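Structure file structure_12.txt; described as compact mmCIF, C-alpha atoms.
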# COMPACT_ATOMS: atom_id res chain seq x y z
CA ARG A 20 3.83 21.13 15.68
CA VAL A 21 1.40 18.35 16.46
CA HIS A 22 1.12 15.49 14.02
CA ALA A 23 -0.95 12.37 14.66
CA ILE A 24 -0.20 8.99 13.15
CA ALA A 25 -2.37 5.96 12.54
CA ARG A 26 -1.13 2.51 11.67
CA LEU A 27 -3.18 -0.29 10.14
CA ALA A 28 -3.57 -3.65 11.78
CA VAL A 29 -2.05 -6.64 10.00
CA LEU A 30 -4.74 -8.29 7.89
CA SER A 31 -5.22 -11.94 7.16
CA ASP A 32 -4.59 -12.97 3.57
CA ARG A 33 -7.29 -15.67 3.84
CA MET A 34 -10.72 -14.10 3.47
CA GLU A 35 -13.12 -16.42 1.64
CA HIS A 36 -16.23 -15.22 -0.17
CA PRO A 37 -19.42 -16.49 1.58
CA LEU A 38 -21.38 -16.62 -1.71
CA LEU A 39 -18.76 -18.83 -3.25
CA GLN A 40 -18.97 -21.11 -0.23
CA ALA A 41 -22.76 -21.37 -0.63
CA ALA A 42 -22.46 -22.10 -4.34
CA ALA A 43 -19.91 -24.80 -3.65
CA ALA A 44 -22.23 -26.40 -1.08
CA LYS A 45 -25.12 -26.62 -3.58
CA ALA A 46 -23.11 -27.91 -6.52
CA PRO A 47 -23.41 -31.63 -7.27
CA ALA A 48 -20.48 -33.71 -6.17
CA PRO A 49 -18.08 -34.38 -9.05
CA ALA A 50 -17.35 -37.94 -10.08
CA PRO A 51 -14.38 -39.32 -8.17
CA ALA A 52 -11.14 -39.20 -10.10
CA PRO A 53 -8.97 -42.29 -10.38
CA ALA A 54 -6.72 -42.57 -7.40
CA ALA A 55 -3.15 -41.54 -8.10
CA ALA A 56 -0.17 -42.80 -6.24
CA SER A 57 0.88 -40.27 -3.60
CA PRO A 58 4.51 -39.20 -3.83
CA ALA A 59 6.61 -40.42 -0.98
CA ALA A 60 7.30 -37.78 1.66
CA ALA A 61 10.79 -36.33 1.47
CA THR A 62 13.16 -37.59 4.10
CA ASP A 63 15.03 -35.21 6.39
CA GLU A 64 18.19 -35.93 4.42
CA GLU A 65 16.51 -34.99 1.11
CA LYS A 66 15.16 -31.76 2.64
CA ARG A 67 18.63 -30.82 3.87
CA GLU A 68 20.07 -31.56 0.43
CA ARG A 69 17.47 -29.34 -1.29
CA LYS A 70 18.17 -26.52 1.14
CA LYS A 71 21.91 -26.89 0.49
CA ARG A 72 21.35 -26.68 -3.29
CA ARG A 73 19.26 -23.52 -2.87
CA ARG A 74 22.05 -21.89 -0.87
CA GLU A 75 24.61 -22.83 -3.50
CA THR A 76 22.59 -21.40 -6.37
CA GLY A 77 22.57 -17.96 -4.73
CA PRO A 78 19.75 -15.50 -4.05
CA ARG A 79 16.34 -15.93 -5.62
CA PRO A 80 16.40 -13.36 -8.44
CA VAL A 81 13.72 -10.75 -8.90
CA SER A 82 13.17 -8.53 -11.91
CA SER A 83 14.56 -5.04 -11.48
CA ASP A 84 11.19 -3.85 -12.75
CA VAL A 85 9.61 -4.78 -9.39
CA SER A 86 12.53 -4.20 -7.04
CA LEU A 87 10.58 -1.29 -5.53
CA GLY A 88 7.53 -3.44 -4.89
CA ASN A 89 5.84 -2.01 -7.99
CA HIS A 90 4.10 -5.24 -8.97
CA GLN A 91 1.65 -5.14 -11.84
CA ARG A 92 -1.92 -6.09 -10.83
CA TYR A 93 -0.89 -5.82 -7.16
CA TYR A 94 -4.47 -5.20 -6.07
CA GLY A 95 -5.58 -8.46 -7.67
CA TYR A 96 -4.48 -10.39 -4.59
CA ARG A 97 -5.18 -7.98 -1.73
CA PRO A 98 -7.66 -9.41 0.83
CA ARG A 99 -11.22 -8.18 0.30
CA VAL A 100 -13.97 -7.02 2.63
CA GLN A 101 -16.84 -9.46 3.12
CA GLY A 102 -20.25 -7.90 3.08
CA ALA A 103 -21.71 -5.14 0.95
CA GLU A 104 -18.91 -5.08 -1.64
CA PRO A 105 -17.10 -8.40 -1.30
CA ARG A 106 -15.56 -8.39 -4.76
CA ARG A 107 -14.30 -4.81 -4.79
CA ALA A 108 -13.56 -3.42 -1.38
CA ASP A 109 -10.04 -3.70 -0.01
CA ALA A 110 -10.06 -5.07 3.54
CA ARG A 111 -7.91 -2.19 4.79
CA LEU A 112 -10.77 0.28 4.25
CA ARG A 113 -12.48 -0.85 7.46
CA PHE A 114 -9.57 0.53 9.50
CA LEU A 115 -9.65 4.01 7.92
CA ASP A 116 -11.56 7.00 9.25
CA ALA A 117 -13.28 9.18 6.65
CA THR A 118 -12.57 12.32 8.69
CA TRP A 119 -8.83 11.87 8.06
CA TRP A 120 -9.43 12.61 4.36
CA ASN A 121 -12.76 14.40 4.02
CA ASN A 122 -12.24 17.83 2.42
CA LYS A 123 -8.48 17.54 3.04
CA LYS A 124 -5.46 17.81 0.75
CA ALA A 125 -4.00 14.30 0.67
CA LYS A 126 -1.07 12.39 -0.78
CA ASP A 127 -0.84 8.61 -1.27
CA VAL A 128 2.75 7.33 -1.51
CA GLY A 129 3.36 4.16 -3.54
CA CYS A 130 -0.05 4.33 -5.22
CA ASN A 131 0.74 1.53 -7.71
CA ASP A 132 -1.93 1.53 -10.46
CA GLY A 133 -4.19 3.90 -8.48
CA THR A 134 -6.88 1.39 -7.51
CA PHE A 135 -6.73 1.99 -3.75
CA SER A 136 -6.08 5.73 -4.08
CA LEU A 137 -9.22 6.12 -6.18
CA GLU A 138 -11.25 4.12 -3.67
CA ILE A 139 -10.11 6.48 -0.91
CA ALA A 140 -10.98 9.47 -3.11
CA ARG A 141 -14.44 8.04 -3.85
CA ARG A 142 -15.37 6.99 -0.31
CA PHE A 143 -13.79 9.74 1.78
CA GLU A 144 -14.04 12.73 -0.59
CA PRO A 145 -10.76 14.57 -0.02
CA ARG A 146 -10.52 18.04 -1.52
CA ILE A 147 -7.67 16.70 -3.61
CA LEU A 148 -5.68 13.45 -3.52
CA VAL A 149 -2.32 13.12 -5.25
CA GLY A 150 -1.08 9.57 -5.77
CA VAL A 151 2.66 9.18 -6.38
CA ASP A 152 4.79 6.22 -7.44
CA ALA A 153 8.38 5.72 -8.58
CA ASP A 154 7.20 3.62 -11.54
CA ALA A 155 6.18 5.83 -14.47
CA GLY A 156 4.34 2.92 -16.11
CA LEU A 157 2.10 2.50 -13.09
CA ILE A 158 1.36 6.24 -13.07
CA ARG A 159 0.25 5.99 -16.70
CA ALA A 160 -2.03 3.10 -15.72
CA ALA A 161 -3.43 5.12 -12.79
CA THR A 162 -4.12 8.12 -15.02
CA ALA A 163 -5.92 5.88 -17.50
CA LEU A 164 -7.98 4.47 -14.63
CA VAL A 165 -9.08 8.00 -13.66
CA ALA A 166 -10.23 8.56 -17.25
CA ARG A 167 -12.28 5.34 -17.16
CA ARG A 168 -13.86 6.32 -13.84
CA ALA A 169 -14.72 9.76 -15.26
CA ARG A 170 -16.61 8.15 -18.15
CA GLU A 171 -18.69 6.17 -15.64
CA VAL A 172 -19.89 9.29 -13.77
CA ASP A 173 -23.52 10.35 -14.27
CA PRO A 174 -23.43 13.99 -15.50
CA ASP A 175 -26.65 14.83 -13.62
CA ALA A 176 -25.19 13.51 -10.36
CA LEU A 177 -22.04 15.51 -11.01
CA LEU A 178 -24.02 18.73 -11.53
CA ALA A 179 -26.04 18.04 -8.39
CA LYS A 180 -22.83 18.16 -6.35
CA THR A 181 -21.87 21.56 -7.79
CA GLU A 182 -23.27 24.45 -5.81
CA VAL A 183 -24.32 27.24 -8.17
CA LYS A 184 -25.07 30.81 -7.19
CA GLY A 185 -26.03 33.46 -9.73
CA GLY A 186 -25.14 31.18 -12.63
CA ILE A 187 -21.52 30.70 -11.41
CA ALA A 188 -20.26 27.50 -9.87
CA ARG A 189 -18.85 28.28 -6.44
CA LYS A 190 -15.34 27.16 -5.53
CA GLY A 191 -15.30 23.95 -3.52
CA PRO A 192 -14.07 20.35 -3.43
CA LEU A 193 -13.85 18.67 -6.81
CA PRO A 194 -16.25 15.72 -7.17
CA PHE A 195 -14.90 12.20 -7.72
CA PRO A 196 -12.93 11.25 -9.79
CA HIS A 197 -11.78 14.78 -10.62
CA ASN A 198 -10.35 15.13 -7.10
CA CYS A 199 -7.68 12.48 -7.81
CA PHE A 200 -4.39 13.04 -9.67
CA PHE A 201 -1.26 10.93 -10.18
CA GLU A 202 2.40 11.89 -10.46
CA ASN A 203 5.71 10.09 -10.97
CA GLU A 204 7.83 10.86 -7.89
CA ASP A 205 10.74 9.39 -5.95
CA VAL A 206 9.83 9.95 -2.30
CA THR A 207 13.25 8.86 -0.99
CA THR A 208 14.84 12.22 -1.87
CA GLY A 209 13.27 13.90 1.17
CA GLY A 210 12.06 17.48 1.46
CA GLY A 211 8.57 18.94 1.60
CA ASP A 212 6.53 22.14 1.60
CA HIS A 213 4.14 21.60 4.57
CA SER A 214 1.16 21.62 2.21
CA PHE A 215 -0.63 18.31 2.92
CA ASP A 216 -3.20 17.55 5.60
CA VAL A 217 -2.70 13.79 5.35
CA ILE A 218 -0.11 11.50 3.75
CA SER A 219 -0.64 7.76 3.42
CA ALA A 220 1.78 4.93 2.64
CA PHE A 221 0.28 1.45 2.34
CA SER A 222 2.69 -1.51 2.12
CA VAL A 223 5.51 0.79 1.00
CA THR A 224 8.02 1.07 3.86
CA LYS A 225 9.50 -2.42 3.34
CA TRP A 226 10.53 -1.64 -0.23
CA ILE A 227 12.03 1.72 0.70
CA HIS A 228 13.87 0.02 3.55
CA LEU A 229 15.22 -2.89 1.49
CA ASN A 230 16.40 -0.62 -1.32
CA HIS A 231 17.74 2.32 0.68
CA GLY A 232 18.46 0.96 4.16
CA ASP A 233 17.87 2.71 7.47
CA GLU A 234 19.16 6.03 6.14
CA GLY A 235 16.76 6.00 3.19
CA LEU A 236 13.80 5.07 5.36
CA LEU A 237 14.53 7.84 7.87
CA LYS A 238 14.90 10.32 5.00
CA PHE A 239 11.46 9.22 3.77
CA PHE A 240 9.94 9.70 7.23
CA ARG A 241 11.50 13.18 7.49
CA GLY A 242 10.18 14.04 4.04
CA VAL A 243 6.67 13.04 5.13
CA TYR A 244 6.98 15.16 8.27
CA ASP A 245 8.20 18.16 6.26
CA SER A 246 5.35 17.75 3.75
CA LEU A 247 2.59 17.84 6.37
CA LYS A 248 0.87 20.93 7.68
CA PRO A 249 0.96 21.51 11.46
CA GLY A 250 -1.51 19.04 12.91
CA GLY A 251 -1.27 16.82 9.83
CA ARG A 252 -1.59 13.04 9.86
CA PHE A 253 0.62 10.24 8.53
CA VAL A 254 -1.37 7.03 7.88
CA PHE A 255 0.83 4.06 7.06
CA GLU A 256 0.80 0.29 6.89
CA PRO A 257 4.21 -1.15 7.81
CA GLN A 258 5.05 -4.68 6.68
CA GLN A 259 6.13 -7.23 9.28
CA TRP A 260 9.79 -8.22 9.69
CA LYS A 261 8.93 -11.70 8.39
CA SER A 262 7.95 -10.07 5.11
CA TYR A 263 11.43 -8.53 4.91
CA GLN A 264 12.98 -11.93 5.53
CA ASN A 265 10.96 -13.45 2.71
CA ARG A 266 12.44 -10.93 0.23
CA ARG A 267 15.97 -10.63 1.59
CA ARG A 268 17.41 -12.72 -1.26
CA ALA A 269 15.57 -10.81 -4.01
CA SER A 270 18.89 -9.45 -5.32
CA GLU A 271 22.48 -9.14 -4.18
CA ALA A 272 21.96 -5.43 -3.45
CA ILE A 273 18.86 -6.10 -1.35
CA LYS A 274 20.64 -8.97 0.42
CA ALA A 275 23.45 -6.62 1.46
CA THR A 276 21.02 -3.89 2.53
CA PHE A 277 18.96 -6.36 4.55
CA LYS A 278 22.03 -7.35 6.56
CA SER A 279 22.71 -3.69 7.40
CA ILE A 280 19.21 -2.89 8.70
CA LYS A 281 19.14 -1.92 12.38
CA VAL A 282 15.74 -0.20 12.56
CA ARG A 283 12.99 -2.82 12.44
CA PRO A 284 9.24 -2.27 11.95
CA ALA A 285 8.69 -2.72 15.69
CA ASP A 286 10.90 0.37 16.19
CA PHE A 287 8.98 2.64 13.80
CA ALA A 288 6.65 4.15 16.42
CA ARG A 289 9.57 5.13 18.65
CA VAL A 290 11.60 6.51 15.72
CA LEU A 291 8.71 8.59 14.38
CA VAL A 292 8.06 10.20 17.75
CA ASP A 293 11.56 10.46 19.26
CA GLU A 294 13.68 11.10 16.16
CA ILE A 295 11.38 12.53 13.50
CA GLY A 296 9.18 14.72 15.71
CA PHE A 297 5.64 13.36 15.39
CA ALA A 298 3.43 13.90 18.42
CA ASN A 299 2.28 10.30 18.79
CA CYS A 300 1.84 6.98 17.02
CA GLU A 301 -1.38 5.06 17.58
Take the structure in the file and give it back as structure tokens.
Amino acid sequence: RVHAIARLAVLSDRMEHPLLQAAAAKAPAPAPAPAAASPAAATDEEKRERKKRRRETGPRPVSSDVSLGNHQRYYGYRPRVQGAEPRRADARLRFLDATWWNNKKAKDVGCNDGTFSLEIARRFEPRILVGVDADAGLIRAATALVARRAREVDPDALLAKTEVKGGIARKGPLPFPHNCFFENEDVTTGGGDHSFDVISAFSVTKWIHLNHGDEGLLKFFRGVYDSLKPGGRFVFEPQQWKSYQNRRRASEAIKATFKSIKVRPADFARVLVDEIGFANCE
């Protein structure tokens, strides 16, 4: 079995819109505001005291509703592509190859509200794309988003994509957005049916790791492997270890799991090839 893997490069969170820069340059200078007294810089002793108080108050709490990384409006703060579609296009799209999805059966793990899954389905035209998420509320939002996209489709353009012979539409790839579906699924249970050509997981592995530890993450990787056809592809975006450290105090359970983690993101390529069975990791 030969499975290829592609990982995304880490993207900068600071991508400013050139049009907004131009508008700001042309705007008249605002009247100067009255000068306010600048607060005195904290001394080293005050900084140490604040850090001590934070340690004593315990971990920074996080709502259990987002303990899986299932933030509402997550795609509102993803970095955007500058250029043709600066306000819409997610910056990660520039690293993706259309041939990985085109006319393929695909699965997107941790799809959130479906925004990025639908953009993949629109741009790369998979035969079918199934987005899955552990949050049923987000799946409902994703399904509603498909319905809105369907209402925006021009019926004449839709018919033009349907090849007709003898008055009967021939079987073929479903046109966007009818090629995109969403399901509520817990991917940490493992198992698969070798039915997908490509499986993607964008900014998901950290949350699986922090909630289920090394064992849960490895079970997820094995489930992906078992769900792919021979020659299939796993496209994923691992978060950096610093991102783990920033969320290690999200809850007492996550704090304990964080301390037990032995497999770090830098080890994923080796684990996927040597332990899971993938052919390579690019």
Minimum-distance residue to Asn230 (chain A), chosen among A:Ala288, A:Ala269, A:Ala160, A:Leu112 (using all atoms listed in the file):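 Closest candidate: A:Ala269.
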Of the listed residues A:Asn131, A:Asn122, A:Thr208, A:Ser270, that which approaches Leu229 (chain A) most closely, counting only C-alpha atoms: A:Ser270
Closest atom pairs, region 217-284 of chain A residues within 12 Å of region 144-151 of chain A, all atoms listed in the file, as a Markdown table:
| residue | atom | partner | partner_atom | distance |
| --- | --- | --- | --- | --- |
| A:Val217 | CA | A:Leu148 | CA | 9.4 |
| A:Ile218 | CA | A:Leu148 | CA | 9.4 |
| A:Ser219 | CA | A:Gly150 | CA | 9.4 |
| A:Ala220 | CA | A:Val151 | CA | 10.0 |
| A:Phe221 | CA | A:Gly150 | CA | 11.6 |
| A:Val223 | CA | A:Val151 | CA | 11.5 |
Would you mind reading off the distance between CA of Arg266 (chain A) and CA of Trp226 (chain A), one decimal, in Å?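 The value is 9.5 Å.
All residues of protein, DNA or RNA that reach within 8 Å of Ala161 (chain A), judged by only C-alpha atoms and not counting those fewer than 4 positions away in the chain, are Asn131, Asp132, Gly133, Thr134, Leu157, Val165 and Phe201 of chain A.
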Once you count only C-alpha atoms, which residues end up no further than 10 Å from (13.9, -1.1, 5.0) in the file's frame, shown as a PyMOL selection string? chain A and resi 223-237+258+260+263+273+276-277+279-284
Please indicate the distance in Å from CA of Asp116 (chain A) to CA of Val254 (chain A), rounded to one decimal place.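 Between CA of Asp116 (chain A) and CA of Val254 (chain A) the gap is 10.3 Å.
With all atoms listed in the file as the atoms that count, the residue of A:Gly251, A:Pro174, A:Gly296, A:Gly156 with the shortest distance to Asn203 (chain A) is A:Gly156.
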Taking into account only C-alpha atoms, which residue in the set A:Ala60, A:Glu202, A:Lys71, A:Ser222 is nearest to Ser262 (chain A)?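 The closest residue to Ser262 (chain A) is A:Ser222.
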Go through A:Leu164, A:His213, A:Arg142, A:Ser246 one by one, measure the shortest atom-to-atom distance of each to Phe195 (chain A) using all atoms listed in the file, and give the residue with the smallest value.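 Of all the options, A:Arg142 lies closest to Phe195 (chain A).
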Counting only C-alpha atoms, the residue of A:Leu247, A:Val292, A:Ala155, A:Gln264 that sits nearest Lys278 (chain A):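 Smallest separation from Lys278 (chain A) among the options: A:Gln264.
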One-decimal distance in Å that lies between CA of His197 (chain A) and CA of Ala163 (chain A): 12.7 Å
